[in-house]
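**Student:** What follows is upload-v2.cif; its format and atoms are mmCIF, C-alpha atoms.
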data_query
#
loop_
_atom_site.label_atom_id
_atom_site.label_comp_id
_atom_site.auth_asym_id
_atom_site.auth_seq_id
_atom_site.Cartn_x
_atom_site.Cartn_y
_atom_site.Cartn_z
CA MET W 1 -11.53 11.10 13.85
CA ASP W 2 -11.72 8.44 11.19
CA ALA W 3 -10.16 5.11 12.28
CA GLN W 4 -8.11 4.72 9.09
CA TYR W 5 -6.73 8.23 9.48
CA ALA W 6 -5.70 7.52 13.07
CA GLN W 7 -4.10 4.23 11.97
CA ALA W 8 -2.16 6.04 9.24
CA GLN W 9 -0.91 8.66 11.70
CA HIS W 10 0.28 5.94 14.06
CA PHE W 11 1.90 4.06 11.15
CA TYR W 12 3.95 7.11 10.10
CA ALA W 13 4.96 7.99 13.65
CA ARG W 14 6.27 4.46 14.17
CA GLN W 15 7.84 4.19 10.72
CA MET W 16 9.76 7.47 10.91
CA GLN W 17 10.95 6.82 14.47
CA LEU W 18 12.35 3.46 13.32
CA LEU W 19 14.22 5.13 10.47
CA ASP W 20 15.55 7.98 12.60
CA ALA W 21 16.73 5.50 15.25
CA GLY W 22 18.75 3.62 12.62
CA SER W 23 16.51 0.54 12.79
CA THR W 24 16.63 0.19 9.03
CA ASP W 25 15.64 -3.49 8.81
CA GLU W 26 12.54 -2.88 10.94
CA TRP W 27 11.79 0.28 8.93
CA ALA W 28 12.10 -1.61 5.63
CA ALA W 29 9.74 -4.28 7.00
CA THR W 30 7.02 -1.61 6.92
CA PHE W 31 7.13 -2.00 3.12
CA THR W 32 5.68 -4.98 1.27
CA GLU W 33 8.23 -7.51 0.02
CA ASP W 34 7.74 -6.13 -3.50
CA GLY W 35 7.45 -2.53 -2.31
CA VAL W 36 8.90 0.41 -4.21
CA PHE W 37 10.65 3.48 -2.78
CA GLU W 38 10.89 6.17 -5.45
CA VAL W 39 12.70 9.50 -5.05
CA GLY W 40 13.02 11.78 -8.03
CA ASP W 41 14.18 9.71 -10.99
CA SER W 42 15.45 6.74 -9.00
CA ALA W 43 13.62 3.83 -7.40
CA VAL W 44 14.54 0.94 -5.15
CA HIS W 45 12.48 -2.24 -5.52
CA GLY W 46 11.84 -4.84 -2.81
CA SER W 47 12.05 -4.58 0.95
CA GLU W 48 15.51 -6.21 1.08
CA ASP W 49 17.04 -3.65 -1.28
CA ILE W 50 15.15 -0.86 0.50
CA ALA W 51 16.71 -2.03 3.80
CA ARG W 52 20.19 -2.19 2.25
CA ALA W 53 19.89 1.34 0.78
CA ALA W 54 18.54 2.75 4.07
CA ARG W 55 21.37 1.10 6.05
CA LYS W 56 23.97 2.65 3.73
CA VAL W 57 22.52 6.14 4.21
CA ALA W 58 22.10 5.67 7.99
CA ASP W 59 25.71 4.50 8.33
CA GLU W 60 26.97 7.52 6.35
CA PHE W 61 25.10 9.96 8.59
CA ALA W 62 26.20 8.15 11.75
CA ALA W 63 29.84 8.27 10.62
CA ALA W 64 29.48 12.01 9.99
CA GLY W 65 27.95 12.52 13.46
CA VAL W 66 24.61 13.70 12.08
CA GLN W 67 21.22 12.72 13.54
CA ARG W 68 18.32 12.89 11.12
CA ARG W 69 14.66 13.44 11.97
CA HIS W 70 11.72 13.11 9.59
CA TRP W 71 8.71 15.27 10.44
CA ILE W 72 5.46 14.22 8.75
CA GLY W 73 2.53 16.63 8.56
CA MET W 74 -0.51 17.74 6.58
CA LEU W 75 -1.49 14.08 6.13
CA THR W 76 -4.46 13.17 3.97
CA VAL W 77 -5.78 9.63 3.67
CA THR W 78 -8.02 8.49 0.82
CA PRO W 79 -9.55 4.99 0.73
CA GLY W 80 -9.14 3.14 -2.55
CA GLY W 81 -10.15 -0.16 -4.04
CA ASP W 82 -9.36 -3.48 -2.37
CA GLY W 83 -8.93 -1.83 1.03
CA GLU W 84 -5.89 0.20 -0.04
CA LEU W 85 -5.22 3.71 1.19
CA THR W 86 -3.50 6.57 -0.56
CA ALA W 87 -1.69 8.69 1.98
CA ARG W 88 -0.19 12.04 1.04
CA SER W 89 1.87 14.16 3.40
CA TYR W 90 4.49 16.84 3.61
CA ALA W 91 7.75 15.70 5.13
CA LEU W 92 10.58 17.80 6.47
CA VAL W 93 13.97 16.18 6.80
CA LEU W 94 15.98 17.72 9.64
CA GLU W 95 19.69 17.18 10.23
CA ILE W 96 21.36 17.77 13.58
CA PRO W 97 25.16 17.54 13.68
CA THR W 98 26.67 16.60 17.02
CA GLY W 99 26.95 19.83 19.00
CA GLY W 100 25.36 21.80 16.18
CA GLU W 101 22.14 23.49 15.23
CA VAL W 102 19.13 21.90 13.57
CA VAL W 103 19.08 22.37 9.80
CA VAL W 104 16.05 21.78 7.58
CA ARG W 105 17.66 19.76 4.79
CA ARG W 106 14.66 18.91 2.60
CA SER W 107 11.01 19.75 2.13
CA THR W 108 9.21 16.93 0.35
CA VAL W 109 5.83 15.56 -0.63
CA CYS W 110 5.35 11.88 0.12
CA THR W 111 2.60 9.89 -1.61
CA ASP W 112 2.12 6.28 -0.47
CA ARG W 113 -0.08 3.40 -1.46
CA LEU W 114 -0.73 1.51 1.77
CA VAL W 115 -2.03 -2.06 1.89
CA ARG W 116 -2.91 -4.40 4.74
CA SER W 117 -0.52 -7.31 5.24
CA ASP W 118 -0.50 -9.61 8.26
CA GLY W 119 -2.90 -7.23 10.00
CA GLN W 120 -0.65 -4.18 9.55
CA TRP W 121 -0.42 -1.33 7.09
CA ARG W 122 2.57 -1.56 4.75
CA VAL W 123 3.84 0.64 1.96
CA LYS W 124 3.32 -0.89 -1.47
CA HIS W 125 4.65 2.17 -3.29
CA ARG W 126 6.20 5.39 -2.01
CA ARG W 127 6.89 8.38 -4.24
CA VAL W 128 8.84 11.25 -2.72
CA THR W 129 9.23 14.52 -4.59
CA ARG W 130 11.69 17.09 -3.27
CA ASP W 131 10.50 20.69 -3.39
CA GLY W 132 12.69 22.73 -5.69
CA LEU W 133 14.57 19.68 -6.99
CA ASP W 134 12.04 17.37 -8.64
CA PRO W 135 9.24 18.06 -11.12
CA ALA W 136 5.85 17.91 -9.40
#
Written as structure tokens, that's how I'd like the structure from this file.
**Tutor:**
Amino acid sequence: MDAQYAQAQHFYARQMQLLDAGSTDEWAATFTEDGVFEVGDSAVHGSEDIARAARKVADEFAAAGVQRRHWIGMLTVTPGGDGELTARSYALVLEIPTGGEVVVRRSTVCTDRLVRSDGQWRVKHRRVTRDGLDPA
């Protein structure tokens, strides 16, 4: 297995577990300071604003008694210029209400530009398209 591919898999496993655990500041630190998180027609710019937006969503789900899980699969990694990687994956967003059944809430495609910063991969730009909701 290609080393960059294995690194990307580890990156996403760690990143999604941070988000699902509610560690939104640590999750947002996996973006560059000027990183962009784009979903549909909206975008959040900068790791501080990304952290703030993620905390708001995490708090809303916690208050509603819902655990979320992000499942990343079908990952492809393409090297680009200047040591960047383009990573594309399918992501399922699962919601589990306290005492309830697992519900698949979203099916998405996630395309990231990853860059090395302080010896670690970080997201420079993330574009998430939601199947059935966003134009491809």
**Student:** Nearest residue to Ala62 (chain W) out of W:Asp41, W:Asp34, W:Asp20, W:Asp134, using only C-alpha atoms?
**Tutor:** W:Asp20
**Student:** Could you check the closest approach to Asp131 (chain W) for each of W:Gly73, W:Ser23, W:Val109, W:Ala29 and tell me which residue wins, using only C-alpha atoms?
**Tutor:**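 Closest candidate: W:Val109.
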**Student:** For Val39 (chain W), work out the shell of residues within 9 Å, counting all atoms listed in the file and skipping chain neighbours fewer than 5 positions away, then give it as a compact mmCIF listing (two decimals) with C-alpha atoms, keeping the file's coordinate frame.
**Tutor:**
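Written file, out_23.txt:
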# COMPACT_ATOMS: atom_id res chain seq x y z
CA VAL W 44 14.54 0.94 -5.15
CA ARG W 126 6.20 5.39 -2.01
CA ARG W 127 6.89 8.38 -4.24
CA VAL W 128 8.84 11.25 -2.72
CA THR W 129 9.23 14.52 -4.59
CA ARG W 130 11.69 17.09 -3.27
CA ASP W 134 12.04 17.37 -8.64
**Student:** Neighbours of His10 (chain W) within 12 Å (only C-alpha atoms; same-chain residues fewer than 5 positions away dropped), as a PyMOL selection string?
**Tutor:** chain W and resi 3-5+15-17+72+75+120-121
**Student:** Can you spell out as a list in words the set of residues that the PyMOL selection byres ((chain W and resi 26) around 12) selects in the structure I just provided?
**Tutor:**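 After applying the PyMOL selection byres ((chain W and resi 26) around 12), what remains is Arg14, Gln15, Met16, Gln17, Leu18, Leu19, Asp20, Ala21, Gly22, Ser23, Thr24, Asp25, Trp27, Ala28, Ala29, Thr30, Phe31, Ser47, Glu48, Ile50, Ala51, Arg52, Ala54, Arg55 and Arg122 of chain W.
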**Student:** When you look at Gly46 (chain W) with a cut-off of 7 Å (counting all atoms listed in the file), what residues show up, excluding the ones that are within fewer than 6 positions of it in the same chain? I need them as a list in words.
**Tutor:**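 Using all atoms listed in the file, the neighbours found are Glu33, Asp34, Gly35 and Val36 of chain W.
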**Student:** Report the centre and edge lengths, in Å to one decimal, of an axis-aligned box enclosing every atom of region 116-126 of chain W listed in the file, padded by 8 Å on each side, as JSON.
**Tutor:**
{"center_x": 1.6, "center_y": -2.1, "center_z": 3.4, "size_x": 25.1, "size_y": 31.0, "size_z": 29.3}
**Student:** Hey, can you check how far CA of Asp118 (chain W) sits from CA of Pro79 (chain W)?
**Tutor:** 18.8 Å
**Student:** Using Å and a single decimal, report how far CA of His70 (chain W) sits from CA of Gln7 (chain W).
**Tutor:**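 Going from CA of Gln7 (chain W) over to CA of His70 (chain W) covers 18.3 Å.
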**Student:** Using Å and a single decimal, report how far CA of Ala91 (chain W) sits from CA of Arg116 (chain W).
**Tutor:**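 According to the coordinates, CA of Arg116 (chain W) and CA of Ala91 (chain W) are separated by 22.8 Å.
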**Student:** Pull the neighbourhood of (21.7, 19.3, 7.8) for me: all residues within 10 Å in file coordinates, counting only C-alpha atoms, as a ChimeraX atom specification.
**Tutor:** /W:61,66-68,93-97,100-106
**Student:** Expand the PyMOL selection byres ((chain W and resi 84-90) around 8) into the explicit residue set it covers here, and present it as number ranges by chain.
**Tutor:** W: 8, 72-83, 91-92, 107-116
**Student:** Please produce region 106-132 of chain W, completed to N, CA, C and O atoms, as an mmCIF file, keeping the file's coordinate frame.
**Tutor:**
data_model
loop_
_atom_site.group_PDB
_atom_site.id
_atom_site.type_symbol
_atom_site.label_atom_id
_atom_site.label_comp_id
_atom_site.auth_asym_id
_atom_site.auth_seq_id
_atom_site.Cartn_x
_atom_site.Cartn_y
_atom_site.Cartn_z
ATOM 1 N N ARG W 106 15.556 19.125 3.740
ATOM 2 C CA ARG W 106 14.660 18.910 2.600
ATOM 3 C C ARG W 106 13.220 19.196 3.011
ATOM 4 O O ARG W 106 12.823 18.950 4.148
ATOM 5 N N SER W 107 12.471 19.670 2.038
ATOM 6 C CA SER W 107 11.010 19.750 2.130
ATOM 7 C C SER W 107 10.494 18.873 1.012
ATOM 8 O O SER W 107 10.879 19.051 -0.152
ATOM 9 N N THR W 108 9.655 17.910 1.349
ATOM 10 C CA THR W 108 9.210 16.930 0.350
ATOM 11 C C THR W 108 7.708 16.710 0.429
ATOM 12 O O THR W 108 7.060 17.066 1.417
ATOM 13 N N VAL W 109 7.195 16.085 -0.623
ATOM 14 C CA VAL W 109 5.830 15.560 -0.630
ATOM 15 C C VAL W 109 5.961 14.059 -0.775
ATOM 16 O O VAL W 109 6.683 13.559 -1.644
ATOM 17 N N CYS W 110 5.287 13.341 0.097
ATOM 18 C CA CYS W 110 5.350 11.880 0.120
ATOM 19 C C CYS W 110 3.955 11.344 -0.200
ATOM 20 O O CYS W 110 2.990 11.667 0.482
ATOM 21 N N THR W 111 3.867 10.522 -1.248
ATOM 22 C CA THR W 111 2.600 9.890 -1.610
ATOM 23 C C THR W 111 2.797 8.383 -1.534
ATOM 24 O O THR W 111 3.675 7.828 -2.223
ATOM 25 N N ASP W 112 2.016 7.728 -0.689
ATOM 26 C CA ASP W 112 2.120 6.280 -0.470
ATOM 27 C C ASP W 112 0.848 5.558 -0.851
ATOM 28 O O ASP W 112 -0.253 6.095 -0.645
ATOM 29 N N ARG W 113 1.020 4.365 -1.353
ATOM 30 C CA ARG W 113 -0.080 3.400 -1.460
ATOM 31 C C ARG W 113 0.129 2.406 -0.328
ATOM 32 O O ARG W 113 1.143 1.705 -0.278
ATOM 33 N N LEU W 114 -0.809 2.406 0.615
ATOM 34 C CA LEU W 114 -0.730 1.510 1.770
ATOM 35 C C LEU W 114 -1.684 0.344 1.575
ATOM 36 O O LEU W 114 -2.817 0.530 1.125
ATOM 37 N N VAL W 115 -1.208 -0.853 1.952
ATOM 38 C CA VAL W 115 -2.030 -2.060 1.890
ATOM 39 C C VAL W 115 -1.931 -2.782 3.224
ATOM 40 O O VAL W 115 -0.963 -2.615 3.964
ATOM 41 N N ARG W 116 -2.938 -3.593 3.524
ATOM 42 C CA ARG W 116 -2.910 -4.400 4.740
ATOM 43 C C ARG W 116 -2.169 -5.702 4.448
ATOM 44 O O ARG W 116 -2.407 -6.353 3.443
ATOM 45 N N SER W 117 -1.266 -6.065 5.350
ATOM 46 C CA SER W 117 -0.520 -7.310 5.240
ATOM 47 C C SER W 117 -0.253 -7.813 6.644
ATOM 48 O O SER W 117 0.304 -7.078 7.466
ATOM 49 N N ASP W 118 -0.659 -9.031 6.921
ATOM 50 C CA ASP W 118 -0.500 -9.610 8.260
ATOM 51 C C ASP W 118 -1.068 -8.699 9.339
ATOM 52 O O ASP W 118 -0.481 -8.527 10.403
ATOM 53 N N GLY W 119 -2.212 -8.058 9.028
ATOM 54 C CA GLY W 119 -2.900 -7.230 10.000
ATOM 55 C C GLY W 119 -2.300 -5.846 10.209
ATOM 56 O O GLY W 119 -2.727 -5.122 11.108
ATOM 57 N N GLN W 120 -1.294 -5.490 9.391
ATOM 58 C CA GLN W 120 -0.650 -4.180 9.550
ATOM 59 C C GLN W 120 -0.625 -3.446 8.217
ATOM 60 O O GLN W 120 -0.607 -4.070 7.156
ATOM 61 N N TRP W 121 -0.592 -2.128 8.294
ATOM 62 C CA TRP W 121 -0.420 -1.330 7.090
ATOM 63 C C TRP W 121 1.029 -1.433 6.654
ATOM 64 O O TRP W 121 1.940 -1.430 7.482
ATOM 65 N N ARG W 122 1.229 -1.541 5.335
ATOM 66 C CA ARG W 122 2.570 -1.560 4.750
ATOM 67 C C ARG W 122 2.557 -0.712 3.486
ATOM 68 O O ARG W 122 1.540 -0.585 2.822
ATOM 69 N N VAL W 123 3.714 -0.177 3.158
ATOM 70 C CA VAL W 123 3.840 0.640 1.960
ATOM 71 C C VAL W 123 4.067 -0.275 0.760
ATOM 72 O O VAL W 123 5.039 -1.034 0.723
ATOM 73 N N LYS W 124 3.176 -0.168 -0.204
ATOM 74 C CA LYS W 124 3.320 -0.890 -1.470
ATOM 75 C C LYS W 124 4.145 -0.042 -2.447
ATOM 76 O O LYS W 124 4.974 -0.561 -3.190
ATOM 77 N N HIS W 125 3.908 1.259 -2.420
ATOM 78 C CA HIS W 125 4.650 2.170 -3.290
ATOM 79 C C HIS W 125 4.753 3.535 -2.634
ATOM 80 O O HIS W 125 3.739 4.082 -2.204
ATOM 81 N N ARG W 126 5.960 4.053 -2.548
ATOM 82 C CA ARG W 126 6.200 5.390 -2.010
ATOM 83 C C ARG W 126 6.862 6.235 -3.098
ATOM 84 O O ARG W 126 7.848 5.834 -3.688
ATOM 85 N N ARG W 127 6.284 7.407 -3.319
ATOM 86 C CA ARG W 127 6.890 8.380 -4.240
ATOM 87 C C ARG W 127 7.157 9.647 -3.444
ATOM 88 O O ARG W 127 6.250 10.234 -2.855
ATOM 89 N N VAL W 128 8.426 10.053 -3.420
ATOM 90 C CA VAL W 128 8.840 11.250 -2.720
ATOM 91 C C VAL W 128 9.328 12.252 -3.769
ATOM 92 O O VAL W 128 10.191 11.926 -4.592
ATOM 93 N N THR W 129 8.739 13.441 -3.741
ATOM 94 C CA THR W 129 9.230 14.520 -4.590
ATOM 95 C C THR W 129 9.819 15.594 -3.684
ATOM 96 O O THR W 129 9.256 15.900 -2.633
ATOM 97 N N ARG W 130 10.954 16.106 -4.083
ATOM 98 C CA ARG W 130 11.690 17.090 -3.270
ATOM 99 C C ARG W 130 11.389 18.476 -3.822
ATOM 100 O O ARG W 130 11.687 18.756 -4.988
ATOM 101 N N ASP W 131 10.827 19.335 -2.986
ATOM 102 C CA ASP W 131 10.500 20.690 -3.390
ATOM 103 C C ASP W 131 11.742 21.402 -3.916
ATOM 104 O O ASP W 131 12.789 21.393 -3.279
ATOM 105 N N GLY W 132 11.592 21.992 -5.092
ATOM 106 C CA GLY W 132 12.690 22.730 -5.690
ATOM 107 C C GLY W 132 13.697 21.885 -6.443
ATOM 108 O O GLY W 132 14.557 22.410 -7.144
#
